[in-house]
file final-v1.txt (compact mmCIF, C-alpha atoms and all ligand atoms)
# COMPACT_ATOMS: atom_id res chain seq x y z
CA MET A 113 -32.61 51.65 -96.57
CA LEU A 114 -32.85 48.74 -98.98
CA LEU A 115 -29.81 46.94 -100.22
CA LYS A 116 -29.54 44.34 -102.95
CA THR A 117 -26.74 41.80 -103.00
CA ASP A 118 -25.88 38.30 -104.15
CA ALA A 119 -25.24 36.03 -101.18
CA VAL A 120 -24.90 32.45 -100.01
CA VAL A 121 -26.60 31.23 -96.83
CA LEU A 122 -23.96 29.88 -94.46
CA LYS A 123 -26.12 29.23 -91.43
CA GLN A 124 -29.70 29.34 -90.22
CA LYS A 125 -30.64 29.64 -86.58
CA LYS A 126 -34.09 29.77 -84.98
CA PHE A 127 -34.92 33.14 -83.55
CA GLY A 128 -37.95 33.84 -81.36
CA GLU A 129 -41.33 32.50 -82.51
CA GLY A 130 -41.04 31.34 -86.08
CA ASP A 131 -38.29 33.70 -87.15
CA ALA A 132 -34.71 32.82 -88.04
CA VAL A 133 -31.36 34.54 -88.05
CA ILE A 134 -29.50 33.81 -91.25
CA THR A 135 -25.74 34.19 -91.61
CA LEU A 136 -24.92 35.27 -95.13
CA PHE A 137 -21.73 35.55 -97.12
CA SER A 138 -22.70 38.48 -99.28
CA LYS A 139 -20.87 39.86 -102.23
CA LYS A 140 -21.27 43.49 -101.25
CA LEU A 141 -20.84 43.37 -97.47
CA GLY A 142 -18.99 40.18 -96.65
CA LYS A 143 -20.39 38.30 -93.69
CA LEU A 144 -23.62 39.56 -92.21
CA GLN A 145 -26.55 38.40 -90.15
CA ALA A 146 -30.11 39.01 -91.18
CA VAL A 147 -33.48 38.15 -89.71
CA ALA A 148 -35.93 36.17 -91.82
CA LYS A 149 -39.37 36.82 -90.43
CA GLY A 150 -41.97 34.08 -90.39
CA PHE A 151 -39.74 31.66 -92.28
CA LYS A 152 -41.34 28.68 -90.56
CA ARG A 153 -44.78 29.13 -91.99
CA PRO A 154 -45.27 26.57 -94.75
CA ARG A 155 -46.01 29.26 -97.28
CA GLY A 156 -43.68 31.67 -95.54
CA LYS A 157 -42.21 34.13 -97.91
CA TYR A 158 -38.68 33.12 -96.95
CA SER A 159 -38.91 29.38 -96.39
CA VAL A 160 -37.35 29.10 -99.82
CA GLY A 161 -33.95 30.63 -100.14
CA THR A 162 -32.90 30.86 -96.52
CA GLN A 163 -31.62 27.29 -96.07
CA PRO A 164 -27.87 26.72 -95.84
CA PHE A 165 -26.19 26.56 -99.30
CA CYS A 166 -28.89 28.63 -100.98
CA TYR A 167 -27.45 31.14 -103.39
CA GLY A 168 -29.53 34.03 -104.53
CA GLU A 169 -30.08 37.72 -104.77
CA PHE A 170 -31.13 39.07 -101.40
CA VAL A 171 -32.93 42.32 -100.75
CA LEU A 172 -32.06 43.45 -97.25
CA PHE A 173 -33.48 46.15 -95.07
CA LYS A 174 -31.25 47.67 -92.44
CA GLY A 175 -33.13 47.77 -89.15
CA LYS A 176 -31.95 49.42 -85.95
CA GLU A 177 -29.52 46.63 -85.16
CA LEU A 178 -29.86 43.75 -87.57
CA TYR A 179 -30.59 43.44 -91.24
CA GLN A 180 -33.93 42.01 -92.24
CA ILE A 181 -34.48 39.91 -95.31
CA SER A 182 -37.14 41.56 -97.37
CA GLN A 183 -36.92 39.37 -100.48
CA VAL A 184 -34.93 36.45 -101.89
CA ASP A 185 -34.58 35.67 -105.54
CA LEU A 186 -33.20 32.12 -105.44
CA LYS A 187 -30.63 31.28 -108.11
CA GLN A 188 -29.49 27.88 -106.90
CA SER A 189 -30.30 25.68 -103.90
CA PHE A 190 -27.68 22.99 -104.59
CA TYR A 191 -30.21 20.37 -103.48
CA LYS A 192 -27.96 17.59 -104.81
CA LEU A 193 -25.64 18.19 -101.86
CA ARG A 194 -28.28 16.58 -99.69
CA GLU A 195 -28.22 13.30 -101.63
CA ASP A 196 -25.79 11.63 -99.32
CA VAL A 197 -24.81 12.33 -95.75
CA ILE A 198 -21.03 12.24 -96.30
CA LYS A 199 -21.29 14.66 -99.19
CA LEU A 200 -23.53 16.95 -97.17
CA THR A 201 -21.09 16.88 -94.28
CA TYR A 202 -18.13 17.87 -96.46
CA ALA A 203 -20.14 20.73 -97.91
CA SER A 204 -21.29 21.79 -94.44
CA TYR A 205 -17.67 21.91 -93.38
CA ILE A 206 -16.93 24.26 -96.27
CA LEU A 207 -19.65 26.62 -95.04
CA GLU A 208 -18.31 26.42 -91.49
CA LEU A 209 -14.77 27.10 -92.67
CA THR A 210 -15.86 30.01 -94.84
CA GLU A 211 -17.75 31.55 -91.96
CA SER A 212 -14.63 31.39 -89.80
CA ILE A 213 -12.43 32.94 -92.48
CA ILE A 214 -14.55 35.88 -93.60
CA THR A 215 -15.16 39.00 -91.55
CA GLU A 216 -18.21 41.17 -91.13
CA GLY A 217 -18.42 44.08 -93.46
CA GLN A 218 -15.40 43.02 -95.51
CA THR A 219 -15.87 41.86 -99.07
CA ASN A 220 -13.86 39.04 -100.61
CA ASN A 221 -14.88 38.57 -104.23
CA ARG A 222 -12.36 35.87 -105.04
CA LEU A 223 -13.51 33.77 -102.12
CA PHE A 224 -17.16 34.42 -102.94
CA THR A 225 -16.67 33.22 -106.51
CA LEU A 226 -14.69 30.24 -105.27
CA LEU A 227 -17.48 29.20 -102.91
CA ILE A 228 -20.13 29.30 -105.64
CA GLU A 229 -17.84 27.38 -107.97
CA TYR A 230 -17.10 24.78 -105.31
CA LEU A 231 -20.81 24.28 -104.57
CA HIS A 232 -21.60 23.92 -108.27
CA ILE A 233 -18.93 21.32 -108.95
CA PHE A 234 -19.16 19.52 -105.64
CA SER A 235 -22.93 19.06 -105.82
CA LYS A 236 -22.46 17.07 -109.02
CA MET A 237 -19.70 14.83 -107.69
CA ASN A 238 -20.26 11.39 -106.24
CA LYS A 239 -16.79 10.41 -105.04
CA GLU A 240 -13.32 11.79 -104.22
CA TYR A 241 -14.78 14.48 -102.02
CA GLU A 242 -11.52 15.05 -100.15
CA THR A 243 -9.54 16.37 -103.09
CA LEU A 244 -11.87 19.22 -103.97
CA THR A 245 -12.35 20.04 -100.30
CA LYS A 246 -8.58 20.24 -99.75
CA ALA A 247 -8.34 22.54 -102.76
CA TYR A 248 -11.02 24.80 -101.28
CA GLU A 249 -9.23 24.90 -97.93
CA LEU A 250 -5.93 25.92 -99.51
CA LYS A 251 -7.45 28.41 -101.94
CA SER A 252 -9.61 30.03 -99.28
CA LEU A 253 -6.57 30.46 -97.04
CA MET A 254 -4.69 31.95 -99.96
CA TYR A 255 -7.50 34.35 -100.89
CA SER A 256 -7.73 35.55 -97.30
CA GLY A 257 -4.09 36.40 -96.80
CA PHE A 258 -3.00 33.16 -95.14
CA LYS A 259 -1.19 31.51 -98.03
CA PRO A 260 1.27 28.90 -96.80
CA GLN A 261 4.73 29.48 -98.25
CA ILE A 262 5.86 26.29 -99.93
CA GLU A 263 8.08 27.59 -102.75
CA SER A 264 11.04 28.40 -100.51
CA CYS A 265 12.09 28.25 -96.88
CA VAL A 266 9.87 30.59 -94.89
CA HIS A 267 12.80 31.54 -92.64
CA CYS A 268 15.86 32.00 -94.88
CA GLY A 269 14.29 31.92 -98.34
CA SER A 270 16.52 29.18 -99.71
CA LEU A 271 15.11 27.24 -102.63
CA GLY A 272 15.05 23.58 -103.47
CA SER A 273 16.52 22.17 -100.29
CA GLU A 274 15.97 18.47 -99.58
CA ASN A 275 14.60 17.26 -96.24
CA VAL A 276 12.31 20.20 -95.67
CA LYS A 277 9.56 20.16 -93.08
CA PHE A 278 6.35 22.11 -92.79
CA SER A 279 5.89 24.54 -89.94
CA ALA A 280 2.29 25.59 -89.39
CA ARG A 281 3.39 28.19 -86.88
CA GLU A 282 5.99 29.79 -89.18
CA GLY A 283 3.57 29.61 -92.11
CA GLY A 284 5.37 27.34 -94.57
CA ILE A 285 8.28 25.04 -95.21
CA LEU A 286 11.58 25.15 -93.33
CA CYS A 287 14.81 24.04 -95.00
CA SER A 288 17.16 21.60 -93.25
CA ASN A 289 19.25 24.49 -91.87
CA CYS A 290 16.26 26.20 -90.28
CA LEU A 291 14.48 23.24 -88.71
CA SER A 292 15.34 24.44 -85.20
CA GLU A 293 12.97 27.39 -85.73
CA ASP A 294 10.04 25.12 -84.97
CA PRO A 295 10.46 21.84 -83.09
CA TYR A 296 6.86 20.96 -83.98
CA SER A 297 7.33 21.17 -87.73
CA MET A 298 5.77 18.28 -89.65
CA LYS A 299 6.95 15.80 -92.21
CA ILE A 300 6.20 16.84 -95.79
CA SER A 301 7.25 14.96 -98.92
CA ARG A 302 8.18 16.56 -102.22
CA VAL A 303 5.06 14.98 -103.77
CA THR A 304 2.85 16.62 -101.13
CA ILE A 305 4.46 20.01 -101.81
CA ASN A 306 3.75 19.58 -105.53
CA VAL A 307 0.16 18.52 -104.86
CA MET A 308 -0.35 21.55 -102.59
CA GLN A 309 0.91 23.81 -105.33
CA TYR A 310 -1.43 22.19 -107.83
CA LEU A 311 -4.43 22.52 -105.51
CA MET A 312 -3.65 26.19 -104.92
CA TYR A 313 -3.31 27.19 -108.56
CA ALA A 314 -5.32 24.82 -110.77
CA ASP A 315 -9.01 25.34 -111.57
CA LEU A 316 -11.53 23.55 -109.38
CA ALA A 317 -13.10 21.89 -112.43
CA GLN A 318 -9.73 20.39 -113.31
CA ILE A 319 -9.00 19.40 -109.70
CA ALA A 320 -12.33 17.56 -109.48
CA ARG A 321 -10.89 14.93 -111.84
CA PHE A 322 -7.60 14.63 -109.99
CA LYS A 323 -6.87 11.75 -107.65
CA ILE A 324 -4.50 12.10 -104.72
CA LYS A 325 -2.59 9.07 -103.46
CA PRO A 326 -3.75 8.01 -99.96
CA TYR A 327 -0.38 8.65 -98.23
CA VAL A 328 -0.18 12.14 -99.73
CA LEU A 329 -3.73 12.88 -98.71
CA LYS A 330 -2.97 11.77 -95.18
CA GLU A 331 0.08 14.02 -94.95
CA LEU A 332 -1.84 16.90 -96.49
CA GLU A 333 -4.79 16.48 -94.16
CA LYS A 334 -2.58 16.68 -91.09
CA ILE A 335 -0.74 19.75 -92.36
CA VAL A 336 -3.80 21.70 -93.48
CA LYS A 337 -5.76 20.89 -90.33
CA HIS A 338 -2.92 22.13 -88.14
CA TYR A 339 -2.40 25.20 -90.32
CA ILE A 340 -6.08 26.19 -90.12
CA ASN A 341 -6.03 25.57 -86.41
CA ILE A 342 -3.21 28.09 -85.93
CA HIS A 343 -4.05 30.74 -88.53
CA ILE A 344 -7.85 30.78 -88.44
CA GLU A 345 -7.77 30.03 -84.72
CA LYS A 346 -10.39 27.40 -84.99
CA SER A 347 -10.01 23.71 -84.36
CA LYS A 348 -13.48 22.45 -83.55
CA PHE A 349 -15.58 22.14 -86.68
CA LYS A 350 -18.87 20.41 -85.88
CA SER A 351 -19.08 18.95 -89.37
CA LEU A 352 -15.55 17.50 -89.19
CA GLN A 353 -16.21 15.84 -85.87
CA PHE A 354 -19.32 14.31 -87.36
CA LEU A 355 -17.41 13.18 -90.44
CA GLU A 356 -14.76 11.46 -88.33
CA ALA A 357 -17.45 9.68 -86.33
CA VAL A 358 -19.21 8.49 -89.50
CA LYS A 359 -15.96 7.28 -91.10
CA LYS A 360 -15.26 5.11 -88.07
ZN ZN B 401 15.93 28.00 -94.30
call {"tool": "encode", "arguments": {"input": "final-v1.txt", "output": "structure tokens"}}
result
Amino acid sequence: MLLKTDAVVLKQKKFGEGDAVITLFSKKLGKLQAVAKGFKRPRGKYSVGTQPFCYGEFVLFKGKELYQISQVDLKQSFYKLREDVIKLTYASYILELTESIITEGQTNNRLFTLLIEYLHIFSKMNKEYETLTKAYELKSLMYSGFKPQIESCVHCGSLGSENVKFSAREGGILCSNCLSEDPYSMKISRVTINVMQYLMYADLAQIARFKIKPYVLKELEKIVKHYINIHIEKSKFKSLQFLEAVKK
């Protein structure tokens, strides 16, 4: 049976002699793995279109166990992401994160559209990579049912309390009366809460021009990292480890 779907390549792994297993985020089936036969041959039918970040229309054939790629109609390779190693690493992290968030066989159109939009905008940027990446992290959590609650206390629902903290475990902010619910809750300033809200609801194109103050970014980074760790159950992102090593 042949199936046609738009998809983005998240990962490519060697498989046997000259074949590769490609992890796709597809529009119609969510995450799936497909074999690209003979992709290593210089004129191999699939050497184009099966690299990470490639976005195209894939024709897949369902074999006994795995899908096979029968044709790729490349729409965009986002080659500009490869211009600089830091930029490439941020974008690689986004693919890694997306792969951890999505599930096999489950579609997520909002997240799919977000990923394409992110890659489009991000590939044209040449600075302030963190802001757009933070926006993607928060939006992807939100679109996958893990939205952090920052409008009101996650425990009692009270609004507008001062001295709130952020509890990754409870899934949002805790007011001063509920702080005992999580002894590990983290410091969060009013500015950071406002920035989080902005990153969750504004358009990526708009966010790409927005600059976050370093202390806010630092607070936000700590919170989001911890939140992903708990809710996506993943803490070791190869790309992030590399990024930290490069920054040092
Ligand atoms: Zn409360």
call {"tool": "atom_distance", "arguments": {"input": "final-v1.txt", "atom1": "atom CA of A:Ser288", "atom2": "atom CA of A:Gln309"}}
result
20.4 Å
call {"tool": "residues_near_ligand", "arguments": {"input": "final-v1.txt", "ligand": "ligand ZN 401 (chain B)", "cutoff": "12 Å", "atoms": "only C-alpha atoms and all ligand atoms", "output": "PyMOL selection string"}}
result
chain A and resi 261-279+282+284-294
call {"tool": "write_last_selection", "arguments": {"input": "final-v1.txt", "atoms": "C-alpha atoms", "output": "mmCIF file, in the frame of the given file"}}
result
data_model
loop_
_atom_site.group_PDB
_atom_site.id
_atom_site.type_symbol
_atom_site.label_atom_id
_atom_site.label_comp_id
_atom_site.auth_asym_id
_atom_site.auth_seq_id
_atom_site.Cartn_x
_atom_site.Cartn_y
_atom_site.Cartn_z
ATOM 1 C CA GLN A 261 4.730 29.480 -98.250
ATOM 2 C CA ILE A 262 5.860 26.290 -99.930
ATOM 3 C CA GLU A 263 8.080 27.590 -102.750
ATOM 4 C CA SER A 264 11.040 28.400 -100.510
ATOM 5 C CA CYS A 265 12.090 28.250 -96.880
ATOM 6 C CA VAL A 266 9.870 30.590 -94.890
ATOM 7 C CA HIS A 267 12.800 31.540 -92.640
ATOM 8 C CA CYS A 268 15.860 32.000 -94.880
ATOM 9 C CA GLY A 269 14.290 31.920 -98.340
ATOM 10 C CA SER A 270 16.520 29.180 -99.710
ATOM 11 C CA LEU A 271 15.110 27.240 -102.630
ATOM 12 C CA GLY A 272 15.050 23.580 -103.470
ATOM 13 C CA SER A 273 16.520 22.170 -100.290
ATOM 14 C CA GLU A 274 15.970 18.470 -99.580
ATOM 15 C CA ASN A 275 14.600 17.260 -96.240
ATOM 16 C CA VAL A 276 12.310 20.200 -95.670
ATOM 17 C CA LYS A 277 9.560 20.160 -93.080
ATOM 18 C CA PHE A 278 6.350 22.110 -92.790
ATOM 19 C CA SER A 279 5.890 24.540 -89.940
ATOM 20 C CA GLU A 282 5.990 29.790 -89.180
ATOM 21 C CA GLY A 284 5.370 27.340 -94.570
ATOM 22 C CA ILE A 285 8.280 25.040 -95.210
ATOM 23 C CA LEU A 286 11.580 25.150 -93.330
ATOM 24 C CA CYS A 287 14.810 24.040 -95.000
ATOM 25 C CA SER A 288 17.160 21.600 -93.250
ATOM 26 C CA ASN A 289 19.250 24.490 -91.870
ATOM 27 C CA CYS A 290 16.260 26.200 -90.280
ATOM 28 C CA LEU A 291 14.480 23.240 -88.710
ATOM 29 C CA SER A 292 15.340 24.440 -85.200
ATOM 30 C CA GLU A 293 12.970 27.390 -85.730
ATOM 31 C CA ASP A 294 10.040 25.120 -84.970
#
call {"tool": "atom_distance", "arguments": {"input": "final-v1.txt", "atom1": "atom CA of A:Gln183", "atom2": "atom CA of A:Thr135"}}
result
15.2 Å
call {"tool": "residues_around", "arguments": {"input": "final-v1.txt", "residues": "stretch 198-210 of chain A", "least_positions_apart": "5", "cutoff": "9 Å", "atoms": "all atoms listed in the file", "output": "PyMOL selection string"}}
result
chain A and resi 121-123+137+164-165+192-193+223+227+230-231+234-235+237-239+241-242+245+248-249+252+344+346+349-352+354-355+358-359
call {"tool": "axis_aligned_box", "arguments": {"input": "final-v1.txt", "around": "stretch 196-211 of chain A", "padding_each_side": "6 Å", "output": "AutoDock Vina command-line options"}}
result
--center_x -20.3 --center_y 21.6 --center_z -95.4 --size_x 23.0 --size_y 31.9 --size_z 19.8
call {"tool": "closest_residue", "arguments": {"input": "final-v1.txt", "among": "A:Leu115, A:Val336, A:Ile319, A:Val328", "to": "A:Glu240", "atoms": "all atoms listed in the file"}}
result
A:Ile319
call {"tool": "residues_around", "arguments": {"input": "final-v1.txt", "residues": "A:Glu169", "least_positions_apart": "2", "cutoff": "10 Å", "atoms": "all atoms listed in the file", "output": "list in words"}}
result
Lys116, Thr117, Asp118, Ala119, Val120, Ser138, Lys139, Gly161, Cys166, Tyr167, Val171, Leu172, Gln183, Val184, Asp185, Leu186 and Lys187 of chain A
call {"tool": "atom_distance", "arguments": {"input": "final-v1.txt", "atom1": "atom CA of A:Ala132", "atom2": "atom CA of A:Lys174"}}
result
15.9 Å
call {"tool": "closest_residue", "arguments": {"input": "final-v1.txt", "among": "A:Lys246, A:Arg321, A:Lys360, A:His338", "to": "A:Arg281", "atoms": "all atoms listed in the file"}}
result
A:His338
call {"tool": "residues_around", "arguments": {"input": "final-v1.txt", "residues": "A:Leu329", "least_positions_apart": "2", "cutoff": "10 Å", "atoms": "only C-alpha atoms", "output": "number ranges by chain"}}
result
A: 242-243, 246, 304, 307, 323-327, 331-335
call {"tool": "closest_residue", "arguments": {"input": "final-v1.txt", "among": "A:Gln318, A:Gln180, A:Ser189, A:Thr225", "to": "A:Ala247", "atoms": "all atoms listed in the file"}}
result
A:Gln318
call {"tool": "residues_around", "arguments": {"input": "final-v1.txt", "residues": "A:Tyr255", "least_positions_apart": "3", "cutoff": "8 Å", "atoms": "all atoms listed in the file", "output": "list of chain:residue names"}}
result
A:Asn220, A:Arg222, A:Leu223, A:Lys251, A:Ser252, A:Phe258, A:Lys259
call {"tool": "closest_residue", "arguments": {"input": "final-v1.txt", "among": "A:Ala146, A:Gln218, A:Tyr339, A:Phe170", "to": "A:Gly283", "atoms": "only C-alpha atoms"}}
result
A:Tyr339
call {"tool": "build_atoms", "arguments": {"input": "final-v1.txt", "residues": "stretch 284-295 of chain A", "atoms": "all heavy atoms", "output": "PDB file, keeping the file's coordinate frame"}}
result
ATOM      1  N   GLY A 284       4.892  27.956 -93.327  1.00  0.00           N
ATOM      2  CA  GLY A 284       5.370  27.340 -94.570  1.00  0.00           C
ATOM      3  C   GLY A 284       6.466  26.333 -94.317  1.00  0.00           C
ATOM      4  O   GLY A 284       6.625  25.836 -93.202  1.00  0.00           O
ATOM      5  N   ILE A 285       7.251  26.060 -95.372  1.00  0.00           N
ATOM      6  CA  ILE A 285       8.280  25.040 -95.210  1.00  0.00           C
ATOM      7  C   ILE A 285       9.578  25.629 -94.633  1.00  0.00           C
ATOM      8  O   ILE A 285       9.900  26.796 -94.844  1.00  0.00           O
ATOM      9  CB  ILE A 285       8.593  24.284 -96.534  1.00  0.00           C
ATOM     10  CG1 ILE A 285       8.988  25.252 -97.648  1.00  0.00           C
ATOM     11  CG2 ILE A 285       7.422  23.425 -96.969  1.00  0.00           C
ATOM     12  CD1 ILE A 285       9.541  24.532 -98.869  1.00  0.00           C
ATOM     13  N   LEU A 286      10.284  24.780 -93.904  1.00  0.00           N
ATOM     14  CA  LEU A 286      11.580  25.150 -93.330  1.00  0.00           C
ATOM     15  C   LEU A 286      12.629  24.250 -93.968  1.00  0.00           C
ATOM     16  O   LEU A 286      12.423  23.038 -94.078  1.00  0.00           O
ATOM     17  CB  LEU A 286      11.569  24.912 -91.821  1.00  0.00           C
ATOM     18  CG  LEU A 286      10.781  25.881 -90.930  1.00  0.00           C
ATOM     19  CD1 LEU A 286      10.762  25.368 -89.496  1.00  0.00           C
ATOM     20  CD2 LEU A 286      11.358  27.294 -90.978  1.00  0.00           C
ATOM     21  N   CYS A 287      13.752  24.849 -94.395  1.00  0.00           N
ATOM     22  CA  CYS A 287      14.810  24.040 -95.000  1.00  0.00           C
ATOM     23  C   CYS A 287      15.580  23.322 -93.882  1.00  0.00           C
ATOM     24  O   CYS A 287      15.398  23.629 -92.706  1.00  0.00           O
ATOM     25  CB  CYS A 287      15.743  24.904 -95.835  1.00  0.00           C
ATOM     26  SG  CYS A 287      16.850  25.940 -94.868  1.00  0.00           S
ATOM     27  N   SER A 288      16.465  22.400 -94.268  1.00  0.00           N
ATOM     28  CA  SER A 288      17.160  21.600 -93.250  1.00  0.00           C
ATOM     29  C   SER A 288      17.992  22.450 -92.295  1.00  0.00           C
ATOM     30  O   SER A 288      18.191  22.090 -91.146  1.00  0.00           O
ATOM     31  CB  SER A 288      18.001  20.522 -93.936  1.00  0.00           C
ATOM     32  OG  SER A 288      18.781  21.122 -94.943  1.00  0.00           O
ATOM     33  N   ASN A 289      18.454  23.619 -92.757  1.00  0.00           N
ATOM     34  CA  ASN A 289      19.250  24.490 -91.870  1.00  0.00           C
ATOM     35  C   ASN A 289      18.398  25.248 -90.862  1.00  0.00           C
ATOM     36  O   ASN A 289      18.920  25.775 -89.886  1.00  0.00           O
ATOM     37  CB  ASN A 289      20.022  25.532 -92.693  1.00  0.00           C
ATOM     38  CG  ASN A 289      21.072  24.895 -93.562  1.00  0.00           C
ATOM     39  OD1 ASN A 289      21.654  23.868 -93.181  1.00  0.00           O
ATOM     40  ND2 ASN A 289      21.298  25.453 -94.733  1.00  0.00           N
ATOM     41  N   CYS A 290      17.110  25.358 -91.138  1.00  0.00           N
ATOM     42  CA  CYS A 290      16.260  26.200 -90.280  1.00  0.00           C
ATOM     43  C   CYS A 290      15.279  25.395 -89.435  1.00  0.00           C
ATOM     44  O   CYS A 290      14.384  25.977 -88.815  1.00  0.00           O
ATOM     45  CB  CYS A 290      15.496  27.212 -91.140  1.00  0.00           C
ATOM     46  SG  CYS A 290      16.560  28.311 -92.082  1.00  0.00           S
ATOM     47  N   LEU A 291      15.450  24.085 -89.421  1.00  0.00           N
ATOM     48  CA  LEU A 291      14.480  23.240 -88.710  1.00  0.00           C
ATOM     49  C   LEU A 291      14.329  23.579 -87.233  1.00  0.00           C
ATOM     50  O   LEU A 291      13.277  23.385 -86.641  1.00  0.00           O
ATOM     51  CB  LEU A 291      14.859  21.755 -88.864  1.00  0.00           C
ATOM     52  CG  LEU A 291      14.594  21.150 -90.242  1.00  0.00           C
ATOM     53  CD1 LEU A 291      14.988  19.677 -90.258  1.00  0.00           C
ATOM     54  CD2 LEU A 291      13.124  21.301 -90.632  1.00  0.00           C
ATOM     55  N   SER A 292      15.400  24.126 -86.637  1.00  0.00           N
ATOM     56  CA  SER A 292      15.340  24.440 -85.200  1.00  0.00           C
ATOM     57  C   SER A 292      14.360  25.581 -84.906  1.00  0.00           C
ATOM     58  O   SER A 292      14.014  25.829 -83.760  1.00  0.00           O
ATOM     59  CB  SER A 292      16.718  24.784 -84.683  1.00  0.00           C
ATOM     60  OG  SER A 292      17.192  25.919 -85.380  1.00  0.00           O
ATOM     61  N   GLU A 293      13.928  26.298 -85.932  1.00  0.00           N
ATOM     62  CA  GLU A 293      12.970  27.390 -85.730  1.00  0.00           C
ATOM     63  C   GLU A 293      11.641  26.907 -85.170  1.00  0.00           C
ATOM     64  O   GLU A 293      10.929  27.653 -84.514  1.00  0.00           O
ATOM     65  CB  GLU A 293      12.697  28.116 -87.068  1.00  0.00           C
ATOM     66  CG  GLU A 293      13.864  28.901 -87.625  1.00  0.00           C
ATOM     67  CD  GLU A 293      14.369  29.974 -86.672  1.00  0.00           C
ATOM     68  OE1 GLU A 293      13.530  30.645 -86.053  1.00  0.00           O
ATOM     69  OE2 GLU A 293      15.605  30.096 -86.537  1.00  0.00           O
ATOM     70  N   ASP A 294      11.293  25.663 -85.486  1.00  0.00           N
ATOM     71  CA  ASP A 294      10.040  25.120 -84.970  1.00  0.00           C
ATOM     72  C   ASP A 294      10.165  23.618 -84.699  1.00  0.00           C
ATOM     73  O   ASP A 294      10.119  22.805 -85.621  1.00  0.00           O
ATOM     74  CB  ASP A 294       8.897  25.382 -85.972  1.00  0.00           C
ATOM     75  CG  ASP A 294       7.556  24.835 -85.476  1.00  0.00           C
ATOM     76  OD1 ASP A 294       7.488  24.379 -84.311  1.00  0.00           O
ATOM     77  OD2 ASP A 294       6.583  24.858 -86.257  1.00  0.00           O
ATOM     78  N   PRO A 295      10.311  23.261 -83.419  1.00  0.00           N
ATOM     79  CA  PRO A 295      10.460  21.840 -83.090  1.00  0.00           C
ATOM     80  C   PRO A 295       9.215  21.014 -83.416  1.00  0.00           C
ATOM     81  O   PRO A 295       9.285  19.792 -83.453  1.00  0.00           O
ATOM     82  CB  PRO A 295      10.735  21.850 -81.578  1.00  0.00           C
ATOM     83  CG  PRO A 295      10.285  23.184 -81.090  1.00  0.00           C
ATOM     84  CD  PRO A 295      10.384  24.135 -82.237  1.00  0.00           C
TER      85      PRO A 295
END
